[in-house]
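Trainee: Structure provided below as structure tokens; questions to follow.
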Amino acid sequence: MTAMQNVSLGAHYAVHLPAPDDFAFWRERARGLIQCDVPPDRVSWIEPGGTGDLFASDGPSRGDKRLPSPPADAPAVRASQRFLTLARSAGLHSDPARFGLLYRVLWRLQRSPRMMEDKADPDVRRIEELAKSVRRDAHKMHAFVRFREVSEDNGTPHFVAWFEPDHHIVRAEAAFFMRRFANMRWSILTPRGSMHWDGEVMREGPPARREDAPGDDPVEDLWRSYYASIFNPARLKVGAMLSEMPRKYWKNLPEAQIIPQLIAGAQAREAVMVAAGEREERARPASLAVVAQGVAACRDCPIADCGTRAVAGEGPGQAHLMIVGEQPGDQEDIAGRPFVGPAGQLLDRYLTSAGIDRSAAYLTNAVKHFKFTWKGKHRLHQSPQAKEIDTCRWWLDAERALVRPRIVLALGASAARGVLGRTVSVSKARGAPIMLDDGAELWMTVHPSYLLRLDGAARETQATLFASDLAAVQGRMADIGA
Ligand code: URA
């Protein structure tokens with residue numbers, strides 16, 4: 001039987017998609033129809049609740065017509081990788097004509113396999129436009145989803161976000177949020193459907209309304225005041241800001257609610273800043289609890305989206321000694337506490353040998369989120385970049401201003417940069433203190449994870465130096481009666 005014999009002459013076919021983002025379904029039906037040689041103007045693609053282009057064509061009757069089955073000897077359908085990549089994205093666009101367009105291009109590809117290279121072809125251009133707009137929507141979702149914490153009935157924290165995508169991207173992007181917030185229980189509610197992650201299983205839910213998501217809460221207030229304090233009018237470019245952060249997303253972003261007032265005051269503030277030597281005056285958090293809330297809400301650098309949670313410092317609020325690490329590791333990220341993993345345990349042993357009581361010290365990090373990359377199922381530590389340390393420095397400064405330690409011990413170069421705001425060589429600076437602006441002494445040594453990476457004689461040498469650095473700090477604390 002030939003392909004055309006299998007098709008009713010002049011018949012129109014209506015394909016009802018089970019979901020507006022079901023590309024796999026479209027692909028399978030499209031293949032079968034191409035193998036039966038059904039031309040594009042004889043097929044209507046209808047998504048749930050839609051009419052497709054049913055009434056735009058010359059009038060098939062409503063409802064499914066049984067689709068023809070391809071003959072056993074039908075040739076394979078050809079589709080370039082470029083087409084498939086673009087089609088997967090374009091299929092998520094909200095344009096009701098998208099599946100018809102994809103089918104038309106697939107049909108044409110059977111006759112002109114290189115047509116995707118023709119940049120002037122209107123169909124190719126349209127697919128590219130659709131795919132680009134979907135990619136942009138996904139990017140906005142990654143950047144502008146803001147979780148608010150709510151408690152489940154049993155007290156477990158659950159994070160809920162509201163987002164209004166332009167296209168059918170929610171299911172496709174759920175995997176991104178699952179990777180980022182693997183250990184958190186969260187829901188993303190949208191008017192196109194909702195996704196719920198309980199730490200193990202992803203569930204889909206129906207479309208939601210704005211009122212279903214929690215509104216403002218104290219963390220949001222804090223976030224707003226933090227944003228206002230870091231907003232730099234000297235760098236304000238309204239056009240660029242609007243194109244990156246379109247107004248439609250503002251209502252979901254706590255910080256965005258104050259943008260109009262910040263823009264209005266920008267010129268005046270700029271003048272003040274210039275007069276003040278470009279040094280912005282920042283309102284510091286009033287307590288360590290506010291710092292902890294602040295770092296939890298902070299999204300000022302990309303690391304904030306990496307781990308499970310921010311890890312704030314811990315220890316007595318008036319500790320004489322502050323120990324600063326680089327950033328929380330895998331175990332700290334899970335536990336929400338600094339220095340509980342292998343490096344922390346090694347540090348504990350050396351502190352004890354040096355006679356330093358960990359529980360009397362305030363332990364924190366230069367960067368408050370865990371930066372990592374996935375290797376299989378494992379999260380591998382990645383060093384923070386200088387600009388990430390500098391961005392997070394505002395929080396470390398706030399902790400120092402509240403705790404007012406007499407001695408700050410920086411473990412490694414990232415920690416030292418977090419304290420000083422510039423890079424120093426630990427091997428050159430160790431052994432003697434640097435005086436800080438507030439009168440505290442900064443002492444430096446290597447990070448304990450450095451010792452964990454060494455073995456043999458190198459480890460012994462470095463371990464001896466590390467122990468003597470800690471002994472020097474202990475000696476100095478005794479000298480100043482701390
Ligand atoms: N390494 C750090 O720098 N900080 C921690 O909290 C844990 C490991």
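Quick note on naming: the chains in the structure tokens go A, B, ... in the order shown, residues restart at 1 in each chain, and ligands are numbered from 1 in order of appearance.
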Could you list, as a VMD selection string, every residue within 10 Å of Tyr450 in chain A, counting only C-alpha atoms and ignoring same-chain residues fewer than 2 positions away?
Mentor: chain A and resid 343 411 to 412 446 to 448 452 to 454 459 462 to 463
Trainee: Show me which residues line ligand 1, defined as having an atom within 7 Å of a ligand atom where only C-alpha atoms and all ligand atoms count, and present them as a PyMOL selection string.
Mentor: chain A and resi 325-329+332+337-341+343-344+364-365+447+449
Trainee: DSSP on the backbone, then: every residue of range 336-426 of chain A marked strand (DSSP E), written as a PyMOL selection string.
Mentor: chain A and resi 362-365+372-375+378-381+407-411
Trainee: When you draw a straight line from CA of Glu149 in chain A to CA of Phe163 in chain A, how long is it in Å?
Mentor: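 We find that CA of Glu149 in chain A and CA of Phe163 in chain A lie 15.3 Å from each other.
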Trainee: List as a PyMOL selection string the protein and nucleic acid residues near Ile334 in chain A, meaning an atom at most 9 Å away when only C-alpha atoms are counted, but skip any in the same chain fewer than 2 places from it.
Mentor: chain A and resi 183+307-309+329-332+336-337
Trainee: Include C-alpha atoms and write out the residues we just selected as an mmCIF file, in the first residue's frame.
Mentor:
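The resulting file, result.cif, is shown below:
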data_model
loop_
_atom_site.group_PDB
_atom_site.id
_atom_site.type_symbol
_atom_site.label_atom_id
_atom_site.label_comp_id
_atom_site.auth_asym_id
_atom_site.auth_seq_id
_atom_site.Cartn_x
_atom_site.Cartn_y
_atom_site.Cartn_z
ATOM 1 C CA ASN A 183 16.749 19.718 49.149
ATOM 2 C CA GLY A 307 22.610 25.642 47.042
ATOM 3 C CA THR A 308 19.803 24.702 49.361
ATOM 4 C CA ARG A 309 20.011 27.623 51.699
ATOM 5 C CA GLY A 329 30.357 23.200 51.722
ATOM 6 C CA ASP A 330 27.992 20.390 50.816
ATOM 7 C CA GLN A 331 27.285 19.366 54.414
ATOM 8 C CA GLU A 332 27.019 22.911 55.714
ATOM 9 C CA GLY A 336 22.446 25.159 57.489
ATOM 10 C CA ARG A 337 25.436 25.570 59.855
#
Trainee: Excluding range 418-435 of chain A and any residue of its chain fewer than 2 positions from it, enumerate the residues within 9 Å of it, using only C-alpha atoms, and give them as a PyMOL selection string.
Mentor: chain A and resi 324+326+365-367+386+389-390+392-393+396-397+407-408+410-416+437-446+468-469+472-473
Trainee: Quick one: distance from CA of Gly376 in chain A to CA of Gln81 in chain A in Å, one decimal?
Mentor: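 CA of Gln81 in chain A lies 25.8 Å from CA of Gly376 in chain A.
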Trainee: Skip range 191-207 of chain A itself and residues of its chain fewer than 5 positions away, then list as a CSV table (one decimal) with N, CA, C and O atoms, in the first residue's frame all residues within 10 Å of it, counting only C-alpha atoms.
Mentor:
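What ended up in selection_21.csv:
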chain,number,residue,atom,x,y,z
A,20,PRO,N,-0.4,21.6,26.0
A,20,PRO,CA,0.1,22.6,25.0
A,20,PRO,C,1.6,22.5,24.9
A,20,PRO,O,2.2,23.1,24.0
A,158,HIS,N,8.2,25.3,53.7
A,158,HIS,CA,7.9,25.1,52.3
A,158,HIS,C,8.0,26.5,51.6
A,158,HIS,O,7.6,27.5,52.1
A,159,PHE,N,8.6,26.5,50.4
A,159,PHE,CA,8.8,27.7,49.7
A,159,PHE,C,7.9,27.8,48.5
A,159,PHE,O,7.9,26.9,47.7
A,160,VAL,N,7.2,28.9,48.4
A,160,VAL,CA,6.2,29.1,47.3
A,160,VAL,C,6.5,30.3,46.5
A,160,VAL,O,6.8,31.4,47.1
A,161,ALA,N,6.5,30.2,45.2
A,161,ALA,CA,6.7,31.3,44.3
A,161,ALA,C,5.6,31.5,43.3
A,161,ALA,O,5.0,30.5,42.9
A,162,TRP,N,5.3,32.7,42.9
A,162,TRP,CA,4.3,33.0,41.9
A,162,TRP,C,5.1,33.5,40.7
A,162,TRP,O,6.0,34.3,40.8
A,163,PHE,N,4.7,33.0,39.5
A,163,PHE,CA,5.4,33.5,38.3
A,163,PHE,C,4.4,33.5,37.2
A,163,PHE,O,3.5,32.6,37.1
A,164,GLU,N,4.5,34.5,36.3
A,164,GLU,CA,3.6,34.6,35.1
A,164,GLU,C,4.4,34.5,33.8
A,164,GLU,O,4.8,35.4,33.3
A,165,PRO,N,4.5,33.2,33.3
A,165,PRO,CA,5.3,33.1,32.1
A,165,PRO,C,4.5,33.5,30.9
A,165,PRO,O,3.3,33.5,30.9
A,166,ASP,N,5.2,33.9,29.8
A,166,ASP,CA,4.5,34.2,28.6
A,166,ASP,C,4.1,33.0,27.8
A,166,ASP,O,3.3,33.0,27.0
A,167,HIS,N,4.9,31.9,28.0
A,167,HIS,CA,4.8,30.7,27.2
A,167,HIS,C,4.6,29.5,28.1
A,167,HIS,O,4.7,29.6,29.3
A,168,HIS,N,4.6,28.3,27.4
A,168,HIS,CA,4.3,27.1,28.2
A,168,HIS,C,5.6,26.5,28.7
A,168,HIS,O,5.9,25.3,28.4
A,169,ILE,N,6.3,27.2,29.5
A,169,ILE,CA,7.6,26.8,29.9
A,169,ILE,C,7.7,26.1,31.3
A,169,ILE,O,8.7,25.6,31.7
A,170,VAL,N,6.6,26.1,32.0
A,170,VAL,CA,6.7,25.8,33.4
A,170,VAL,C,7.2,24.3,33.6
A,170,VAL,O,8.1,24.1,34.4
A,171,ARG,N,6.6,23.4,32.9
A,171,ARG,CA,7.0,22.0,33.1
A,171,ARG,C,8.5,21.8,32.6
A,171,ARG,O,9.3,21.2,33.3
A,173,GLU,N,10.8,24.0,32.6
A,173,GLU,CA,11.8,24.6,33.5
A,173,GLU,C,11.9,24.0,34.9
A,173,GLU,O,12.7,24.4,35.7
A,174,ALA,N,10.9,23.2,35.2
A,174,ALA,CA,10.9,22.6,36.6
A,174,ALA,C,12.2,21.9,36.9
A,174,ALA,O,12.6,22.0,38.0
A,175,ALA,N,12.8,21.3,35.9
A,175,ALA,CA,14.0,20.5,36.2
A,175,ALA,C,15.1,21.5,36.7
A,175,ALA,O,15.9,21.1,37.5
A,177,PHE,N,14.8,24.2,38.4
A,177,PHE,CA,14.5,24.5,39.9
A,177,PHE,C,14.8,23.3,40.8
A,177,PHE,O,15.2,23.5,41.9
A,178,MET,N,14.5,22.1,40.2
A,178,MET,CA,14.7,20.9,41.0
A,178,MET,C,16.2,20.8,41.3
A,178,MET,O,16.6,20.5,42.4
A,181,PHE,N,17.3,23.7,43.8
A,181,PHE,CA,16.7,23.7,45.1
A,181,PHE,C,16.3,22.2,45.5
A,181,PHE,O,15.2,21.9,45.9
A,182,ALA,N,17.3,21.3,45.2
A,182,ALA,CA,17.0,19.9,45.4
A,182,ALA,C,16.5,19.5,46.8
A,182,ALA,O,15.7,18.6,46.9
A,183,ASN,N,17.1,20.1,47.8
A,183,ASN,CA,16.7,19.7,49.1
A,183,ASN,C,15.6,20.5,49.8
A,183,ASN,O,15.4,20.4,51.0
A,184,MET,N,15.1,21.4,49.0
A,184,MET,CA,14.0,22.3,49.6
A,184,MET,C,12.7,21.8,49.1
A,184,MET,O,12.6,21.1,48.1
A,185,ARG,N,11.6,22.0,49.9
A,185,ARG,CA,10.3,21.7,49.4
A,185,ARG,C,9.7,23.0,48.8
A,185,ARG,O,9.7,24.0,49.5
A,186,TRP,N,9.3,22.9,47.6
A,186,TRP,CA,8.9,24.2,47.0
A,186,TRP,C,7.7,24.0,46.0
A,186,TRP,O,7.5,22.8,45.5
Trainee: Give me, please, the distance in Å between CA of Ala471 in chain A and CA of Ala354 in chain A, quoted to one decimal.
Mentor: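 Interatomic distance here is 5.2 Å.
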Trainee: For the alpha helix (DSSP H) assignment from backbone DSSP, which residues of range 56-212 of chain A qualify? Please present them as a PDB file with C-alpha atoms, in the first residue's frame.
Mentor:
ATOM      1  CA  GLN A  81      19.385  18.508  14.574  1.00  0.00           C
ATOM      2  CA  ARG A  82      19.046  22.260  14.209  1.00  0.00           C
ATOM      3  CA  PHE A  83      15.370  21.927  13.369  1.00  0.00           C
ATOM      4  CA  LEU A  84      14.745  19.643  16.340  1.00  0.00           C
ATOM      5  CA  THR A  85      16.530  21.914  18.774  1.00  0.00           C
ATOM      6  CA  LEU A  86      14.621  24.980  17.601  1.00  0.00           C
ATOM      7  CA  ALA A  87      11.341  23.087  17.306  1.00  0.00           C
ATOM      8  CA  ARG A  88      11.563  21.841  20.906  1.00  0.00           C
ATOM      9  CA  SER A  89      11.732  25.430  22.131  1.00  0.00           C
ATOM     10  CA  ALA A  90       9.321  26.896  19.579  1.00  0.00           C
ATOM     11  CA  ARG A  98       3.183  27.046  16.256  1.00  0.00           C
ATOM     12  CA  PHE A  99       2.533  23.328  15.700  1.00  0.00           C
ATOM     13  CA  GLY A 100       1.185  24.034  12.210  1.00  0.00           C
ATOM     14  CA  LEU A 101       4.351  25.965  11.470  1.00  0.00           C
ATOM     15  CA  LEU A 102       6.535  23.137  12.790  1.00  0.00           C
ATOM     16  CA  TYR A 103       4.658  20.619  10.689  1.00  0.00           C
ATOM     17  CA  ARG A 104       4.987  22.782   7.576  1.00  0.00           C
ATOM     18  CA  VAL A 105       8.742  23.057   8.094  1.00  0.00           C
ATOM     19  CA  LEU A 106       9.085  19.330   8.752  1.00  0.00           C
ATOM     20  CA  TRP A 107       7.130  18.668   5.569  1.00  0.00           C
ATOM     21  CA  ARG A 108       9.346  21.029   3.591  1.00  0.00           C
ATOM     22  CA  LEU A 109      12.505  19.504   5.109  1.00  0.00           C
ATOM     23  CA  GLN A 110      11.661  16.199   3.443  1.00  0.00           C
ATOM     24  CA  ARG A 111      11.961  17.980   0.104  1.00  0.00           C
ATOM     25  CA  PRO A 122      10.049  33.233   6.480  1.00  0.00           C
ATOM     26  CA  ASP A 123       9.247  29.887   8.139  1.00  0.00           C
ATOM     27  CA  VAL A 124      12.828  29.470   9.373  1.00  0.00           C
ATOM     28  CA  ARG A 125      12.807  33.032  10.659  1.00  0.00           C
ATOM     29  CA  ARG A 126       9.532  32.509  12.453  1.00  0.00           C
ATOM     30  CA  ILE A 127      10.746  29.331  14.193  1.00  0.00           C
ATOM     31  CA  GLU A 128      13.862  31.168  15.294  1.00  0.00           C
ATOM     32  CA  GLU A 129      11.777  34.044  16.653  1.00  0.00           C
ATOM     33  CA  LEU A 130       9.517  31.704  18.588  1.00  0.00           C
ATOM     34  CA  ALA A 131      12.440  29.746  20.021  1.00  0.00           C
ATOM     35  CA  LYS A 132      14.210  32.948  21.036  1.00  0.00           C
ATOM     36  CA  SER A 133      11.168  34.305  22.791  1.00  0.00           C
ATOM     37  CA  VAL A 134      10.755  31.022  24.713  1.00  0.00           C
ATOM     38  CA  ARG A 135      14.424  31.041  25.742  1.00  0.00           C
ATOM     39  CA  ARG A 136      14.023  34.576  26.973  1.00  0.00           C
ATOM     40  CA  ASP A 137      10.939  33.634  28.968  1.00  0.00           C
ATOM     41  CA  ALA A 138      12.878  30.762  30.581  1.00  0.00           C
ATOM     42  CA  HIS A 139      15.718  33.107  31.422  1.00  0.00           C
ATOM     43  CA  LYS A 140      13.271  35.495  33.092  1.00  0.00           C
ATOM     44  CA  MET A 141      11.808  32.618  35.079  1.00  0.00           C
ATOM     45  CA  HIS A 142      15.263  31.587  36.332  1.00  0.00           C
ATOM     46  CA  ALA A 143      16.041  35.158  37.286  1.00  0.00           C
ATOM     47  CA  PHE A 144      12.742  36.381  38.707  1.00  0.00           C
ATOM     48  CA  VAL A 170       6.685  25.766  33.407  1.00  0.00           C
ATOM     49  CA  ARG A 171       7.003  22.007  33.069  1.00  0.00           C
ATOM     50  CA  ALA A 172      10.147  22.299  30.938  1.00  0.00           C
ATOM     51  CA  GLU A 173      11.841  24.596  33.452  1.00  0.00           C
ATOM     52  CA  ALA A 174      10.851  22.617  36.554  1.00  0.00           C
ATOM     53  CA  ALA A 175      14.010  20.523  36.208  1.00  0.00           C
ATOM     54  CA  PHE A 176      16.131  23.654  36.505  1.00  0.00           C
ATOM     55  CA  PHE A 177      14.548  24.531  39.854  1.00  0.00           C
ATOM     56  CA  MET A 178      14.727  20.932  41.006  1.00  0.00           C
ATOM     57  CA  ARG A 179      18.505  20.933  40.476  1.00  0.00           C
ATOM     58  CA  ARG A 180      18.934  24.297  42.141  1.00  0.00           C
TER      59      ARG A 180
END
Trainee: So which residues touch Val291 in chain A within 8 Å, counting only C-alpha atoms, skipping near sequence neighbours fewer than 3 positions away, as a list in words?
Mentor: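 So the residues in contact are Pro285, Ser287, Leu288, Gly294, Val295, Ala312, Trp395, Ala398 and Glu399 of chain A.
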Trainee: Residues at most 9 Å from Glu388 in chain A, counting only C-alpha atoms, excluding those fewer than 6 positions away in the same chain, as a PDB file with N, CA, C and O atoms, in the first residue's frame?
Mentor:
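The result, stored in selection_18.pdb:
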ATOM      1  N   ASP A 300      21.771  38.579  45.391  1.00  0.00           N
ATOM      2  CA  ASP A 300      22.536  39.585  44.675  1.00  0.00           C
ATOM      3  C   ASP A 300      23.630  39.018  43.783  1.00  0.00           C
ATOM      4  O   ASP A 300      24.284  39.745  43.067  1.00  0.00           O
ATOM      5  N   CYS A 301      23.883  37.728  43.885  1.00  0.00           N
ATOM      6  CA  CYS A 301      24.841  37.145  42.949  1.00  0.00           C
ATOM      7  C   CYS A 301      24.322  35.760  42.572  1.00  0.00           C
ATOM      8  O   CYS A 301      23.460  35.215  43.250  1.00  0.00           O
ATOM      9  N   PRO A 302      24.845  35.193  41.483  1.00  0.00           N
ATOM     10  CA  PRO A 302      24.285  33.924  41.005  1.00  0.00           C
ATOM     11  C   PRO A 302      24.432  32.766  41.985  1.00  0.00           C
ATOM     12  O   PRO A 302      23.657  31.811  41.935  1.00  0.00           O
ATOM     13  N   ILE A 303      25.402  32.840  42.916  1.00  0.00           N
ATOM     14  CA  ILE A 303      25.577  31.705  43.840  1.00  0.00           C
ATOM     15  C   ILE A 303      24.333  31.518  44.696  1.00  0.00           C
ATOM     16  O   ILE A 303      24.040  30.420  45.153  1.00  0.00           O
ATOM     17  N   VAL A 367      31.480  33.996  51.901  1.00  0.00           N
ATOM     18  CA  VAL A 367      30.335  33.856  51.001  1.00  0.00           C
ATOM     19  C   VAL A 367      29.332  32.946  51.698  1.00  0.00           C
ATOM     20  O   VAL A 367      29.725  31.928  52.265  1.00  0.00           O
TER      21      VAL A 367
END
